[in-house]
Amino acid sequence: MRTRVKQTIQGVGGLAIGALILWWMFQGTSWAGLKRSFAEIRWGWLVLAALFVGVSFWGRVKRWSYVVRAVEPAATFRSMFSSTQIGFLANFTLPARIGELVRAVVLSRLTALGVARSFALVALDRVNDLIGLIVVMAVALLAFRPAENIEIPGELFRSDSPILVPASAYQTGALGAAAFLLAVIAVFVLLFVSKNLVLRVSDGAFAFAGRRLSFFPAGARACRKLGGWTHHLLQQFAEGFEVFRSVSEMAKSVAYNLVTWACFVAMLQCMLFGFGIEAPWYTVFVMQAALAIAISVPGTPGFVGQFQVPLVAGLKLVQPDVSYDDALALAILTHAINAGLVIAVGLGCLQLEGLHLLQLSDEGAQKKRALDASEETASALDEGAEPVTREAP
């Protein structure tokens, strides 16, 4: 009951925020211009865009299958597909991105895997997903290199004058971000080659920093906490590499991951064609990178507003001459196609497996709390502290 009340509060709050964002986006919008944008759509391109969304559903499951079947060879494509799509349905209809928890619970019900191992396999899939995001972000950062100052249209912020971003500032930031992405890839490679070396270096660096901050207890504690979080994150990445039975299977999983992200980019390109918008080839990479970052954090149910803002901003950033009405109409229909297919397929999978979404969300939240409590207890015992206890939910 406590979980349901919390979800209701989060849902109502999220919807209020989403409504506020949409109100802000539609302020001053020309309804006649928006109607014209919809009237001039080339619907064939939107059908193709929807097909790419459908192919991305298949690609996600194919890439995950190499992780799941390395642990449970008997897992069927249907069980993994239903788990994934019901999880997406939860993300689009319930607050707090609880879909990952729901996905793990469904997988544990449809296979011989336990809940704890299912949670781990879902987490490993998110790690794999990060590789595709890094590629998209790298292309966006390196391909979009403005020679002149960037003019961000004031209409995005309800301002009468555009906001100028110096080209030099963008280029410096892009180079810094590209260097960071290359460093992340280098860490991936080192984790695959020598996990223990990377963990020793990371733990040693945070231990050294903690000693240097001994005069500042709060800072030292924060450093130790960050070091523990980094160790756990690196361990997750390493486990993601180790679970594969061979290098060829890992390569296939990464390949399907890139195919999935290519579908996202192709879908956006079809949307641009559908609205007759001419833009540089890298525009869709900038839009996709902005969208992926925006929806990666818990937000509004259905990603209302949270989905439209990065698409409009990304398009107008690269191609400021595109009318705001066209950009907004494109964002609205892109969200509608994604949400419509996710909800339709997710509901079909629920019906097929005889499951109930709210029950799955409650069970997922309870199982996650139980696992977190057991991990905290184990950590406390390792450090010689008193075990952490919690009241039963």
# chains A, B, ... in the order shown; residues from 1 in each chain; ligands from 1
$ closest_atom_pairs --of "range 300-349 of chain A" --to "range 258-278 of chain A" --cutoff "9 Å" --atoms "only C-alpha atoms" --output "tab-separated table"
residue	atom	partner	partner_atom	distance
A:Gln319	CA	A:Glu278	CA	8.7
A:Val322	CA	A:Ile277	CA	7.3
A:Asp326	CA	A:Phe275	CA	7.2
A:Ala327	CA	A:Phe275	CA	9.0
A:Ala329	CA	A:Phe275	CA	8.7
A:Leu330	CA	A:Met271	CA	6.7
A:Ala331	CA	A:Met271	CA	9.0
A:Leu333	CA	A:Met271	CA	8.5
A:Thr334	CA	A:Met271	CA	7.2
$ select_by_dssp --residues "range 271-357 of chain A" --states "alpha helix (DSSP H)" --output "NGL selection string"
:A and (271-274 or 283-294 or 308-318 or 324-353 or 357)
$ atom_distance --atom1 "CA of Val136 in chain A" --atom2 "CA of Ala186 in chain A"
16.9 Å
$ closest_residue --among "A:Val297, A:Asp125, A:Gly305, A:Gln288" --to "Gln236 in chain A" --atoms "only C-alpha atoms"
A:Asp125
$ residues_around --residues "Leu341 in chain A" --least-positions-apart "4" --cutoff "9 Å" --atoms "only C-alpha atoms" --output "PDB file with C-alpha atoms, in the first residue's frame"
ATOM      1  CA  ALA A  50       7.219   3.522 -37.068  1.00  0.00           C
ATOM      2  CA  VAL A  53      10.766   1.762 -33.944  1.00  0.00           C
ATOM      3  CA  GLY A  54       9.469  -1.788 -34.305  1.00  0.00           C
ATOM      4  CA  ALA A 336       3.178   9.844 -30.202  1.00  0.00           C
ATOM      5  CA  ILE A 337       4.656   7.145 -32.475  1.00  0.00           C
ATOM      6  CA  VAL A 345       2.979  -3.850 -27.733  1.00  0.00           C
ATOM      7  CA  GLY A 346       3.385  -3.715 -23.953  1.00  0.00           C
TER       8      GLY A 346
END
$ residues_around --residues "Ala104 in chain A" --least-positions-apart "5" --cutoff "9 Å" --atoms "only C-alpha atoms" --output "list in words"
Ser83, Thr84, Gly87, Gly99, Arg109, Val115, Ala116, Arg117, Ser118, Phe119, Ala120, Leu121, Val122 and Gly364 of chain A
$ residues_around --residues "Tyr66 in chain A" --least-positions-apart "2" --cutoff "8 Å" --atoms "only C-alpha atoms" --output "MDAnalysis selection string"
chainID A and resid 62:64 68:70 244 249:250 252:253
$ residues_around --residues "Ala289 in chain A" --least-positions-apart "3" --cutoff "8 Å" --atoms "only C-alpha atoms" --output "number ranges by chain"
A: 133, 136-137, 140, 285-286, 292-293
$ closest_residue --among "A:Leu233, A:Leu113, A:Leu94, A:Leu124" --to "Asp362 in chain A" --atoms "only C-alpha atoms"
A:Leu94
$ closest_atom_pairs --of "range 80-181 of chain A" --to "range 347-354 of chain A" --cutoff "10 Å" --atoms "only C-alpha atoms" --output "CSV"
residue,atom,partner,partner_atom,distance
A:Phe81,CA,A:Cys349,CA,8.3
A:Ser82,CA,A:Cys349,CA,5.3
A:Ser83,CA,A:Cys349,CA,8.3
A:Thr84,CA,A:Cys349,CA,9.5
A:Gln85,CA,A:Cys349,CA,7.1
A:Ile86,CA,A:Cys349,CA,6.6
A:Leu89,CA,A:Leu347,CA,7.5
A:Val106,CA,A:Glu353,CA,9.3
A:Arg109,CA,A:Glu353,CA,9.8
A:Leu110,CA,A:Glu353,CA,8.5
$ write_last_selection --atoms "N, CA and C atoms" --output "PDB file, in the first residue's frame"
ATOM      1  N   PHE A  81      11.436 -10.828 -24.808  1.00  0.00           N
ATOM      2  CA  PHE A  81      10.680  -9.771 -25.486  1.00  0.00           C
ATOM      3  C   PHE A  81       9.575  -9.244 -24.576  1.00  0.00           C
ATOM      4  N   SER A  82       8.820 -10.160 -23.962  1.00  0.00           N
ATOM      5  CA  SER A  82       7.743  -9.726 -23.064  1.00  0.00           C
ATOM      6  C   SER A  82       8.295  -8.943 -21.882  1.00  0.00           C
ATOM      7  N   SER A  83       9.407  -9.404 -21.315  1.00  0.00           N
ATOM      8  CA  SER A  83      10.014  -8.701 -20.183  1.00  0.00           C
ATOM      9  C   SER A  83      10.392  -7.275 -20.577  1.00  0.00           C
ATOM     10  N   THR A  84      11.016  -7.155 -21.743  1.00  0.00           N
ATOM     11  CA  THR A  84      11.487  -5.844 -22.201  1.00  0.00           C
ATOM     12  C   THR A  84      10.326  -4.905 -22.490  1.00  0.00           C
ATOM     13  N   GLN A  85       9.328  -5.388 -23.217  1.00  0.00           N
ATOM     14  CA  GLN A  85       8.230  -4.509 -23.623  1.00  0.00           C
ATOM     15  C   GLN A  85       7.317  -4.145 -22.451  1.00  0.00           C
ATOM     16  N   ILE A  86       7.122  -5.066 -21.522  1.00  0.00           N
ATOM     17  CA  ILE A  86       6.325  -4.718 -20.339  1.00  0.00           C
ATOM     18  C   ILE A  86       7.091  -3.711 -19.483  1.00  0.00           C
ATOM     19  N   LEU A  89       6.582  -0.436 -21.135  1.00  0.00           N
ATOM     20  CA  LEU A  89       5.227   0.029 -20.843  1.00  0.00           C
ATOM     21  C   LEU A  89       5.173   0.681 -19.471  1.00  0.00           C
ATOM     22  N   VAL A 106       9.395  -9.597 -14.374  1.00  0.00           N
ATOM     23  CA  VAL A 106       8.775 -10.400 -15.433  1.00  0.00           C
ATOM     24  C   VAL A 106       9.736 -11.482 -15.913  1.00  0.00           C
ATOM     25  N   ARG A 109       9.794 -14.340 -13.619  1.00  0.00           N
ATOM     26  CA  ARG A 109       8.568 -15.145 -13.669  1.00  0.00           C
ATOM     27  C   ARG A 109       8.516 -16.043 -14.895  1.00  0.00           C
ATOM     28  N   LEU A 110       9.093 -15.589 -16.005  1.00  0.00           N
ATOM     29  CA  LEU A 110       8.981 -16.318 -17.262  1.00  0.00           C
ATOM     30  C   LEU A 110      10.152 -17.253 -17.524  1.00  0.00           C
TER      31      LEU A 110
END
$ atom_distance --atom1 "CA of Lys368 in chain A" --atom2 "CA of Val105 in chain A"
9.9 Å
$ atom_distance --atom1 "CA of Asn91 in chain A" --atom2 "CA of Pro301 in chain A"
7.3 Å
$ residues_around --residues "Ala290 in chain A" --least-positions-apart "5" --cutoff "9 Å" --atoms "only C-alpha atoms" --output "short mmCIF file (atom, residue, chain, number, x, y, z; two decimals) with C-alpha atoms, in the first residue's frame"
data_model
loop_
_atom_site.label_atom_id
_atom_site.label_comp_id
_atom_site.auth_asym_id
_atom_site.auth_seq_id
_atom_site.Cartn_x
_atom_site.Cartn_y
_atom_site.Cartn_z
CA MET A 137 27.24 11.40 -28.61
CA PHE A 285 22.64 12.56 -33.93
CA ILE A 295 14.83 10.71 -20.72
CA PRO A 310 15.25 17.96 -26.28
CA LEU A 311 14.00 17.21 -29.81
CA ALA A 313 16.09 22.18 -28.81
CA GLY A 314 18.40 19.81 -30.70
#
$ select_by_dssp --residues "range 117-353 of chain A" --states "strand (DSSP E)" --output "PDB file with C-alpha atoms, in the first residue's frame"
ATOM      1  CA  ILE A 150      25.514  29.613 -32.313  1.00  0.00           C
ATOM      2  CA  GLU A 151      22.195  31.401 -32.133  1.00  0.00           C
ATOM      3  CA  ILE A 152      19.705  29.593 -29.925  1.00  0.00           C
ATOM      4  CA  ILE A 163      20.874  33.536 -27.030  1.00  0.00           C
ATOM      5  CA  LEU A 164      24.400  33.561 -28.441  1.00  0.00           C
ATOM      6  CA  VAL A 165      26.839  30.762 -27.653  1.00  0.00           C
TER       7      VAL A 165
END
$ closest_residue --among "A:Ile131, A:Leu142, A:Val198, A:Val309" --to "Thr172 in chain A" --atoms "only C-alpha atoms"
A:Leu142
